[in-house]
>>> print(open('coords02.cif').read())   # mmCIF, C-alpha atoms
data_query
loop_
_atom_site.label_atom_id
_atom_site.label_comp_id
_atom_site.auth_asym_id
_atom_site.auth_seq_id
_atom_site.Cartn_x
_atom_site.Cartn_y
_atom_site.Cartn_z
CA MET A 1 0.00 0.00 0.00
CA GLU A 2 1.26 3.45 -0.92
CA ASN A 3 2.35 5.57 2.02
CA PRO A 4 0.20 8.63 2.80
CA LYS A 5 1.63 11.92 1.56
CA VAL A 6 1.92 15.39 3.06
CA LEU A 7 0.80 17.94 0.48
CA ILE A 8 2.37 21.41 0.65
CA TYR A 9 0.59 24.44 -0.84
CA ASP A 10 1.08 28.21 -0.88
CA GLY A 11 -1.44 29.04 1.86
CA SER A 12 -4.06 30.59 -0.44
CA PHE A 13 -7.62 29.33 -0.79
CA ASN A 14 -7.03 28.77 -4.50
CA GLY A 15 -3.93 26.79 -3.60
CA PHE A 16 -5.95 24.62 -1.26
CA LEU A 17 -8.57 23.96 -3.94
CA THR A 18 -5.81 23.07 -6.41
CA THR A 19 -4.46 20.62 -3.83
CA VAL A 20 -7.87 18.99 -3.51
CA PHE A 21 -8.02 18.66 -7.31
CA LYS A 22 -4.59 16.97 -7.39
CA ILE A 23 -5.53 14.53 -4.62
CA PHE A 24 -8.67 13.43 -6.44
CA GLU A 25 -7.07 13.34 -9.89
CA GLU A 26 -4.03 11.31 -8.83
CA LYS A 27 -5.78 9.34 -6.05
CA ILE A 28 -3.15 10.41 -3.53
CA PRO A 29 -3.42 8.97 -0.01
CA VAL A 30 -3.29 11.96 2.34
CA ALA A 31 -1.49 12.23 5.66
CA ASP A 32 -1.81 16.00 5.93
CA ILE A 33 -2.15 19.27 3.97
CA GLN A 34 0.16 22.06 5.13
CA LYS A 35 1.03 25.63 4.18
CA ASN A 36 4.55 26.02 2.81
CA LYS A 37 5.40 28.35 5.71
CA GLU A 38 4.30 25.83 8.33
CA ILE A 39 5.77 22.56 7.11
CA GLN A 40 5.86 19.84 9.77
CA LYS A 41 6.40 16.73 7.68
CA GLY A 42 5.77 13.42 9.45
CA LEU A 43 8.67 11.08 10.03
CA PHE A 44 7.52 8.58 7.41
CA SER A 45 5.54 10.88 5.14
CA GLU A 46 6.65 11.93 1.69
CA ALA A 47 5.96 15.58 0.85
CA ILE A 48 4.44 16.77 -2.44
CA THR A 49 4.50 20.45 -3.35
CA VAL A 50 1.40 21.70 -5.16
CA PHE A 51 1.49 24.82 -7.34
CA THR A 52 -1.69 26.87 -7.57
CA GLN A 53 -3.58 26.55 -10.85
CA MET A 54 -6.62 28.75 -11.14
CA ASP A 55 -8.45 26.59 -13.66
CA LYS A 56 -8.25 23.57 -11.38
CA ALA A 57 -9.24 25.61 -8.33
CA ARG A 58 -12.26 26.94 -10.22
CA ARG A 59 -13.32 23.43 -11.21
CA VAL A 60 -13.28 22.28 -7.59
CA TRP A 61 -15.19 25.39 -6.47
CA ASN A 62 -17.85 24.95 -9.14
CA SER A 63 -18.23 21.24 -8.46
CA ILE A 64 -18.78 21.73 -4.71
CA GLN A 65 -21.09 24.69 -5.29
CA ASN A 66 -23.21 22.61 -7.67
CA LYS A 67 -23.65 20.08 -4.89
CA SER A 68 -24.37 22.56 -2.10
CA ASN A 69 -24.16 26.34 -1.70
CA ALA A 70 -24.19 25.89 2.07
CA ALA A 71 -21.24 23.49 1.90
CA ILE A 72 -19.04 25.77 -0.20
CA LYS A 73 -19.76 28.70 2.11
CA SER A 74 -18.85 26.61 5.17
CA ILE A 75 -15.66 25.43 3.46
CA TYR A 76 -14.60 28.96 2.45
CA PHE A 77 -15.44 30.54 5.81
CA GLY A 78 -13.84 27.60 7.64
CA PHE A 79 -10.65 28.08 5.65
CA LEU A 80 -10.56 31.78 6.59
CA SER A 81 -10.63 30.82 10.28
CA GLU A 82 -6.91 29.91 9.89
CA THR A 83 -7.44 27.15 12.46
CA LYS A 84 -4.48 24.79 12.74
CA GLY A 85 -5.20 21.62 10.78
CA ILE A 86 -8.26 23.07 9.03
CA GLU A 87 -7.06 21.93 5.61
CA LEU A 88 -7.23 18.25 6.48
CA LEU A 89 -10.69 18.65 8.04
CA LEU A 90 -11.95 20.47 4.94
CA TYR A 91 -10.47 17.82 2.65
CA GLN A 92 -12.13 15.04 4.64
CA TYR A 93 -15.44 16.87 4.42
CA ILE A 94 -15.07 17.36 0.66
CA ARG A 95 -14.03 13.73 0.23
CA SER A 96 -17.18 12.61 2.01
CA MET A 97 -19.28 14.57 -0.48
CA TYR A 98 -17.91 12.50 -3.37
CA ALA A 99 -17.55 9.12 -1.66
CA ASN A 100 -18.95 6.03 -3.33
CA SER A 101 -21.25 3.75 -1.38
CA ASN A 102 -18.59 1.00 -1.38
CA GLU A 103 -15.90 3.25 0.14
CA ASN A 104 -15.09 3.29 3.82
CA PRO A 105 -16.77 6.31 5.44
CA VAL A 106 -14.62 9.15 6.75
CA GLU A 107 -13.92 8.47 10.41
CA GLY A 108 -15.52 11.00 12.74
CA LEU A 109 -17.33 12.74 9.88
CA SER A 110 -20.15 14.12 12.06
CA GLU A 111 -17.62 15.75 14.38
CA ILE A 112 -15.67 17.13 11.40
CA ILE A 113 -18.77 18.72 9.86
CA LEU A 114 -19.82 20.15 13.22
CA LYS A 115 -16.36 21.68 13.74
CA ILE A 116 -16.36 23.27 10.26
CA GLN A 117 -19.86 24.68 10.77
CA GLN A 118 -18.86 26.13 14.15
CA LEU A 119 -15.78 27.79 12.66
CA SER A 120 -17.83 29.09 9.73
CA ARG A 121 -20.29 30.75 12.10
CA MET A 122 -17.43 32.28 14.11
CA VAL A 123 -15.92 33.76 10.94
CA ALA A 124 -19.33 35.11 9.87
CA ARG A 125 -19.75 36.80 13.26
CA GLU A 126 -16.29 38.34 13.00
CA LYS A 127 -17.09 39.60 9.50
CA HIS A 128 -20.16 41.43 10.81
CA ARG A 129 -18.24 42.73 13.84
CA ILE A 130 -15.51 44.27 11.69
CA GLU A 131 -18.10 45.79 9.36
CA ALA A 132 -19.74 47.41 12.40
CA ILE A 133 -16.63 48.73 14.21
CA ALA A 134 -14.33 49.77 11.34
CA ASN A 135 -13.54 53.45 11.85
CA PHE A 136 -12.67 55.34 8.67
CA LYS A 137 -10.64 58.50 8.16
CA ILE A 138 -10.29 60.44 4.91
CA SER A 139 -6.80 60.77 3.45
CA GLN A 140 -5.35 63.72 1.57
CA ASP A 141 -6.17 61.98 -1.72
CA GLN A 142 -9.78 61.40 -0.62
CA ILE A 143 -9.55 57.69 0.20
CA TYR A 144 -11.50 56.33 3.14
CA PHE A 145 -9.01 54.37 5.26
CA SER A 146 -9.55 52.01 8.18
CA ASN A 147 -7.07 49.97 10.21
CA VAL A 148 -8.37 46.74 11.77
CA SER A 149 -7.02 43.60 13.48
CA PRO A 150 -9.70 40.91 13.06
CA GLY A 151 -9.58 37.63 14.90
CA PHE A 152 -10.03 35.77 11.62
CA ASP A 153 -8.99 36.54 8.04
CA VAL A 154 -12.24 38.28 7.07
CA LEU A 155 -11.02 41.05 4.76
CA PRO A 156 -11.92 39.03 1.63
CA LEU A 157 -15.53 39.00 2.88
CA ILE A 158 -16.16 42.64 3.75
CA SER A 159 -15.60 44.71 0.61
CA LYS A 160 -19.14 44.10 -0.65
CA TYR A 161 -20.53 45.79 2.48
CA PHE A 162 -18.22 48.79 2.23
CA ARG A 163 -18.74 49.20 -1.52
CA SER A 164 -22.39 49.67 -0.67
CA LYS A 165 -21.68 51.96 2.29
CA PHE A 166 -19.21 54.17 0.41
CA HIS A 167 -20.94 54.13 -2.96
CA GLY A 168 -18.80 55.79 -5.61
CA GLN A 169 -15.92 56.31 -3.16
CA GLU A 170 -12.45 54.74 -3.00
CA PHE A 171 -11.62 53.03 0.27
CA MET A 172 -8.97 50.86 1.89
CA VAL A 173 -9.18 48.52 4.87
CA TYR A 174 -5.82 47.43 6.29
CA ASP A 175 -5.36 44.27 8.37
CA GLN A 176 -2.54 45.19 10.72
CA LYS A 177 -2.27 41.63 12.03
CA ARG A 178 -1.88 39.97 8.61
CA LYS A 179 -0.11 42.84 6.84
CA TYR A 180 -2.36 43.28 3.84
CA ALA A 181 -5.18 45.52 2.68
CA ILE A 182 -8.23 45.52 0.46
CA TYR A 183 -8.39 48.57 -1.80
CA TYR A 184 -11.44 49.54 -3.86
CA ASN A 185 -10.51 51.80 -6.79
CA LEU A 186 -14.12 52.33 -8.00
CA TYR A 187 -13.75 49.50 -10.53
CA THR A 188 -12.22 46.48 -8.80
CA VAL A 189 -11.13 45.33 -5.36
CA GLU A 190 -7.39 44.76 -5.05
CA ILE A 191 -5.75 42.78 -2.27
CA ILE A 192 -2.32 44.24 -1.60
CA SER A 193 0.42 42.81 0.61
CA LEU A 194 2.35 45.51 2.45
CA GLU A 195 3.47 46.49 5.94
CA LEU A 196 2.35 49.78 7.43
CA SER A 197 3.62 51.11 10.74
CA THR A 198 1.34 52.10 13.61
CA ASN A 199 2.11 55.72 12.78
CA ASP A 200 1.11 55.17 9.15
CA CYS A 201 -2.26 53.86 10.32
CA THR A 202 -3.02 56.26 13.15
CA GLY A 203 -1.34 59.52 12.09
CA ASP A 204 -3.00 62.55 10.55
CA LEU A 205 -4.37 61.03 7.36
CA SER A 206 -5.61 64.40 6.14
CA GLN A 207 -1.96 65.09 5.32
CA THR A 208 -1.25 61.61 3.90
CA ASN A 209 -1.44 60.54 0.28
CA ILE A 210 -2.51 56.89 0.62
CA LYS A 211 -1.69 55.87 -2.95
CA GLN A 212 1.80 57.36 -2.71
CA LEU A 213 2.32 55.73 0.69
CA ILE A 214 1.39 52.33 -0.69
CA ASN A 215 3.65 52.71 -3.73
CA ASN A 216 6.56 53.77 -1.54
CA LYS A 217 6.07 50.83 0.83
CA ILE A 218 5.82 48.28 -1.97
CA HIS A 219 8.85 49.57 -3.87
CA SER A 220 11.04 49.99 -0.77
CA HIS A 221 10.27 46.55 0.67
CA SER A 222 10.53 43.99 -2.11
CA ARG A 223 9.31 41.14 0.08
CA TYR A 224 5.92 42.83 0.20
CA SER A 225 5.69 43.51 -3.51
CA GLY A 226 2.90 42.06 -5.57
CA GLN A 227 -0.56 41.12 -4.47
CA ARG A 228 -2.12 38.44 -2.34
CA GLN A 229 -4.33 36.17 -4.38
CA LEU A 230 -7.99 36.97 -4.57
CA ALA A 231 -10.09 33.89 -4.03
CA ILE A 232 -11.85 32.78 -7.18
CA VAL A 233 -15.12 33.00 -5.28
CA SER A 234 -17.00 36.27 -5.53
CA GLU A 235 -18.45 37.75 -2.37
CA LYS A 236 -21.93 37.47 -3.83
CA GLU A 237 -21.44 33.70 -4.03
CA ALA A 238 -19.75 33.40 -0.66
CA VAL A 239 -22.10 35.46 1.47
#
>>> encode(input="coords02.cif", output="structure tokens")
Amino acid sequence: MENPKVLIYDGSFNGFLTTVFKIFEEKIPVADIQKNKEIQKGLFSEAITVFTQMDKARRVWNSIQNKSNAAIKSIYFGFLSETKGIELLLYQYIRSMYANSNENPVEGLSEIILKIQQLSRMVAREKHRIEAIANFKISQDQIYFSNVSPGFDVLPLISKYFRSKFHGQEFMVYDQKRKYAIYYNLYTVEIISLELSTNDCTGDLSQTNIKQLINNKIHSHSRYSGQRQLAIVSEKEAV
């Protein structure tokens, strides 16, 4: 019997979905699924690195969504909880959705589903909490800016609410804990990785050009350059 493998992915939701696709396509026995920054390979486990492929991630998303809108929402929100070991729980849940009647059932499936649903509800509550408490200031270049530190990674879920609240207005919400921001430029929502200081976030924004500040930070700190991946799921589908 083939030894179970540890699958390593880039930490993004699309990367996780790509990993699920690879497991199903190649019938890989799974020991664990880990982010590349948190590798803890088992003593006897072989590691496989998975590279994110958007077409494969989209196929997994669409397939699960066609089975159950509630399930894909729980999976996405559960992933954003950042709970240790969540990837394996989510994979086991997804596997159960496609299991044949002659396959052995996933051990402890009821407990796994309950855990995912609990985490999903916690993330949903945090989403609404951040939407309610986010305090915005207006920058010199007329961008509404808010600095938050949510308990879960909810920034991908909140732009729909603020696009409605600040209709026709550019805004940015910065996650000081995770060092990235969502920025609405009136056309699209960008997710930008960068590190802002406490002074950057709490100083007199009326004298601060946000766009220039972002460009300076990105170009002066190459390890923050580029953008975090946007999940393939739209907020309308997710929430």
>>> closest_residue(input="coords02.cif", among="A:Ala47, A:Met54, A:Leu155, A:Leu89", to="Leu119 in chain A", atoms="all atoms listed in the file")
A:Leu89
>>> resolve_selection(input="coords02.cif", expression="the PyMOL selection byres ((chain A and resi 38) around 12)", output="list in words")
Val6, Leu7, Ile8, Tyr9, Asp10, Gly11, Asp32, Ile33, Gln34, Lys35, Asn36, Lys37, Ile39, Gln40, Lys41, Lys84 and Gly85 of chain A
>>> residues_around(input="coords02.cif", residues="range 55-57 of chain A", least_positions_apart="5", cutoff="6 Å", atoms="all atoms listed in the file", output="MDAnalysis selection string")
chainID A and resid 14 17:18
>>> resolve_selection(input="coords02.cif", expression="the PyMOL selection byres ((chain A and resi 207) around 10)", output="number ranges by chain")
A: 138-141, 203-206, 208-210
>>> write_last_selection(input="coords02.cif", atoms="C-alpha atoms", output="compact mmCIF listing (two decimals), keeping the file's coordinate frame")
# COMPACT_ATOMS: atom_id res chain seq x y z
CA ILE A 138 -10.29 60.44 4.91
CA SER A 139 -6.80 60.77 3.45
CA GLN A 140 -5.35 63.72 1.57
CA ASP A 141 -6.17 61.98 -1.72
CA GLY A 203 -1.34 59.52 12.09
CA ASP A 204 -3.00 62.55 10.55
CA LEU A 205 -4.37 61.03 7.36
CA SER A 206 -5.61 64.40 6.14
CA THR A 208 -1.25 61.61 3.90
CA ASN A 209 -1.44 60.54 0.28
CA ILE A 210 -2.51 56.89 0.62
>>> resolve_selection(input="coords02.cif", expression="the PyMOL selection byres ((chain A and resi 154) around 8)", output="ChimeraX atom specification")
/A:80,123,126-127,150,152-153,155-158
>>> closest_residue(input="coords02.cif", among="A:Gln176, A:His128, A:Ile23, A:Asn216", to="Tyr161 in chain A", atoms="only C-alpha atoms")
A:His128
>>> closest_residue(input="coords02.cif", among="A:Ser164, A:Asn199, A:Thr19, A:Ser146", to="Ile133 in chain A", atoms="all atoms listed in the file")
A:Ser146
>>> closest_residue(input="coords02.cif", among="A:Asp175, A:Glu46, A:Glu107, A:Glu25", to="Gly151 in chain A", atoms="only C-alpha atoms")
A:Asp175
>>> residues_around(input="coords02.cif", residues="Ser110 in chain A", least_positions_apart="4", cutoff="12 Å", atoms="only C-alpha atoms", output="JSON, numbers by chain")
{"A": [89, 92, 93, 96, 105, 106, 114, 115, 116, 117]}
>>> closest_residue(input="coords02.cif", among="A:Asn3, A:Ser101, A:Gln53, A:Ser12", to="Ala31 in chain A", atoms="all atoms listed in the file")
A:Asn3
>>> atom_distance(input="coords02.cif", atom1="CA of Arg129 in chain A", atom2="CA of Asn215 in chain A")
29.8 Å
>>> atom_distance(input="coords02.cif", atom1="CA of Phe16 in chain A", atom2="CA of Thr83 in chain A")
14.0 Å
>>> closest_residue(input="coords02.cif", among="A:Glu82, A:Val20, A:Glu103, A:Gly108", to="Arg178 in chain A", atoms="all atoms listed in the file")
A:Glu82
>>> build_atoms(input="coords02.cif", residues="range 22-41 of chain A", atoms="N, CA, C and O atoms", output="JSON list (two decimals), keeping the file's coordinate frame")
[["chain", "number", "residue", "atom", "x", "y", "z"],
["A", 22, "LYS", "N", -5.71, 17.89, -7.16],
["A", 22, "LYS", "CA", -4.59, 16.97, -7.39],
["A", 22, "LYS", "C", -4.79, 15.66, -6.65],
["A", 22, "LYS", "O", -4.52, 14.57, -7.18],
["A", 23, "ILE", "N", -5.29, 15.74, -5.42],
["A", 23, "ILE", "CA", -5.53, 14.53, -4.62],
["A", 23, "ILE", "C", -6.53, 13.63, -5.32],
["A", 23, "ILE", "O", -6.32, 12.41, -5.44],
["A", 24, "PHE", "N", -7.64, 14.22, -5.78],
["A", 24, "PHE", "CA", -8.67, 13.43, -6.44],
["A", 24, "PHE", "C", -8.18, 12.89, -7.78],
["A", 24, "PHE", "O", -8.41, 11.73, -8.12],
["A", 25, "GLU", "N", -7.51, 13.74, -8.55],
["A", 25, "GLU", "CA", -7.07, 13.34, -9.89],
["A", 25, "GLU", "C", -6.06, 12.21, -9.84],
["A", 25, "GLU", "O", -6.11, 11.28, -10.66],
["A", 26, "GLU", "N", -5.12, 12.29, -8.89],
["A", 26, "GLU", "CA", -4.03, 11.31, -8.83],
["A", 26, "GLU", "C", -4.26, 10.24, -7.76],
["A", 26, "GLU", "O", -3.40, 9.40, -7.54],
["A", 27, "LYS", "N", -5.42, 10.32, -7.09],
["A", 27, "LYS", "CA", -5.78, 9.34, -6.05],
["A", 27, "LYS", "C", -4.66, 9.21, -5.01],
["A", 27, "LYS", "O", -4.19, 8.12, -4.69],
["A", 28, "ILE", "N", -4.25, 10.36, -4.49],
["A", 28, "ILE", "CA", -3.15, 10.41, -3.53],
["A", 28, "ILE", "C", -3.66, 10.13, -2.12],
["A", 28, "ILE", "O", -4.60, 10.77, -1.67],
["A", 29, "PRO", "N", -3.06, 9.16, -1.42],
["A", 29, "PRO", "CA", -3.42, 8.97, -0.01],
["A", 29, "PRO", "C", -2.85, 10.12, 0.82],
["A", 29, "PRO", "O", -1.67, 10.48, 0.67],
["A", 30, "VAL", "N", -3.66, 10.71, 1.67],
["A", 30, "VAL", "CA", -3.29, 11.96, 2.34],
["A", 30, "VAL", "C", -3.00, 11.74, 3.82],
["A", 30, "VAL", "O", -3.83, 11.20, 4.56],
["A", 31, "ALA", "N", -1.82, 12.19, 4.24],
["A", 31, "ALA", "CA", -1.49, 12.23, 5.66],
["A", 31, "ALA", "C", -1.82, 13.59, 6.24],
["A", 31, "ALA", "O", -2.34, 13.69, 7.35],
["A", 32, "ASP", "N", -1.54, 14.65, 5.46],
["A", 32, "ASP", "CA", -1.81, 16.00, 5.93],
["A", 32, "ASP", "C", -1.71, 16.97, 4.75],
["A", 32, "ASP", "O", -1.14, 16.65, 3.71],
["A", 33, "ILE", "N", -2.28, 18.17, 4.93],
["A", 33, "ILE", "CA", -2.15, 19.27, 3.97],
["A", 33, "ILE", "C", -1.63, 20.46, 4.76],
["A", 33, "ILE", "O", -2.25, 20.88, 5.74],
["A", 34, "GLN", "N", -0.50, 21.01, 4.34],
["A", 34, "GLN", "CA", 0.16, 22.06, 5.13],
["A", 34, "GLN", "C", 0.55, 23.24, 4.25],
["A", 34, "GLN", "O", 0.88, 23.08, 3.08],
["A", 35, "LYS", "N", 0.53, 24.43, 4.85],
["A", 35, "LYS", "CA", 1.03, 25.63, 4.18],
["A", 35, "LYS", "C", 2.55, 25.53, 4.07],
["A", 35, "LYS", "O", 3.21, 24.97, 4.95],
["A", 36, "ASN", "N", 3.10, 26.12, 3.00],
["A", 36, "ASN", "CA", 4.55, 26.02, 2.81],
["A", 36, "ASN", "C", 5.35, 26.75, 3.88],
["A", 36, "ASN", "O", 6.54, 26.51, 4.05],
["A", 37, "LYS", "N", 4.69, 27.64, 4.64],
["A", 37, "LYS", "CA", 5.40, 28.35, 5.71],
["A", 37, "LYS", "C", 5.30, 27.62, 7.05],
["A", 37, "LYS", "O", 5.91, 28.03, 8.03],
["A", 38, "GLU", "N", 4.54, 26.53, 7.07],
["A", 38, "GLU", "CA", 4.30, 25.83, 8.33],
["A", 38, "GLU", "C", 4.54, 24.34, 8.19],
["A", 38, "GLU", "O", 3.84, 23.52, 8.78],
["A", 39, "ILE", "N", 5.54, 23.97, 7.42],
["A", 39, "ILE", "CA", 5.77, 22.56, 7.11],
["A", 39, "ILE", "C", 6.23, 21.81, 8.36],
["A", 39, "ILE", "O", 7.18, 22.17, 9.03],
["A", 40, "GLN", "N", 5.50, 20.73, 8.67],
["A", 40, "GLN", "CA", 5.86, 19.84, 9.77],
["A", 40, "GLN", "C", 5.70, 18.40, 9.27],
["A", 40, "GLN", "O", 4.84, 17.66, 9.72],
["A", 41, "LYS", "N", 6.53, 18.02, 8.33],
["A", 41, "LYS", "CA", 6.40, 16.73, 7.68],
["A", 41, "LYS", "C", 6.56, 15.59, 8.67],
["A", 41, "LYS", "O", 7.45, 15.60, 9.52]]
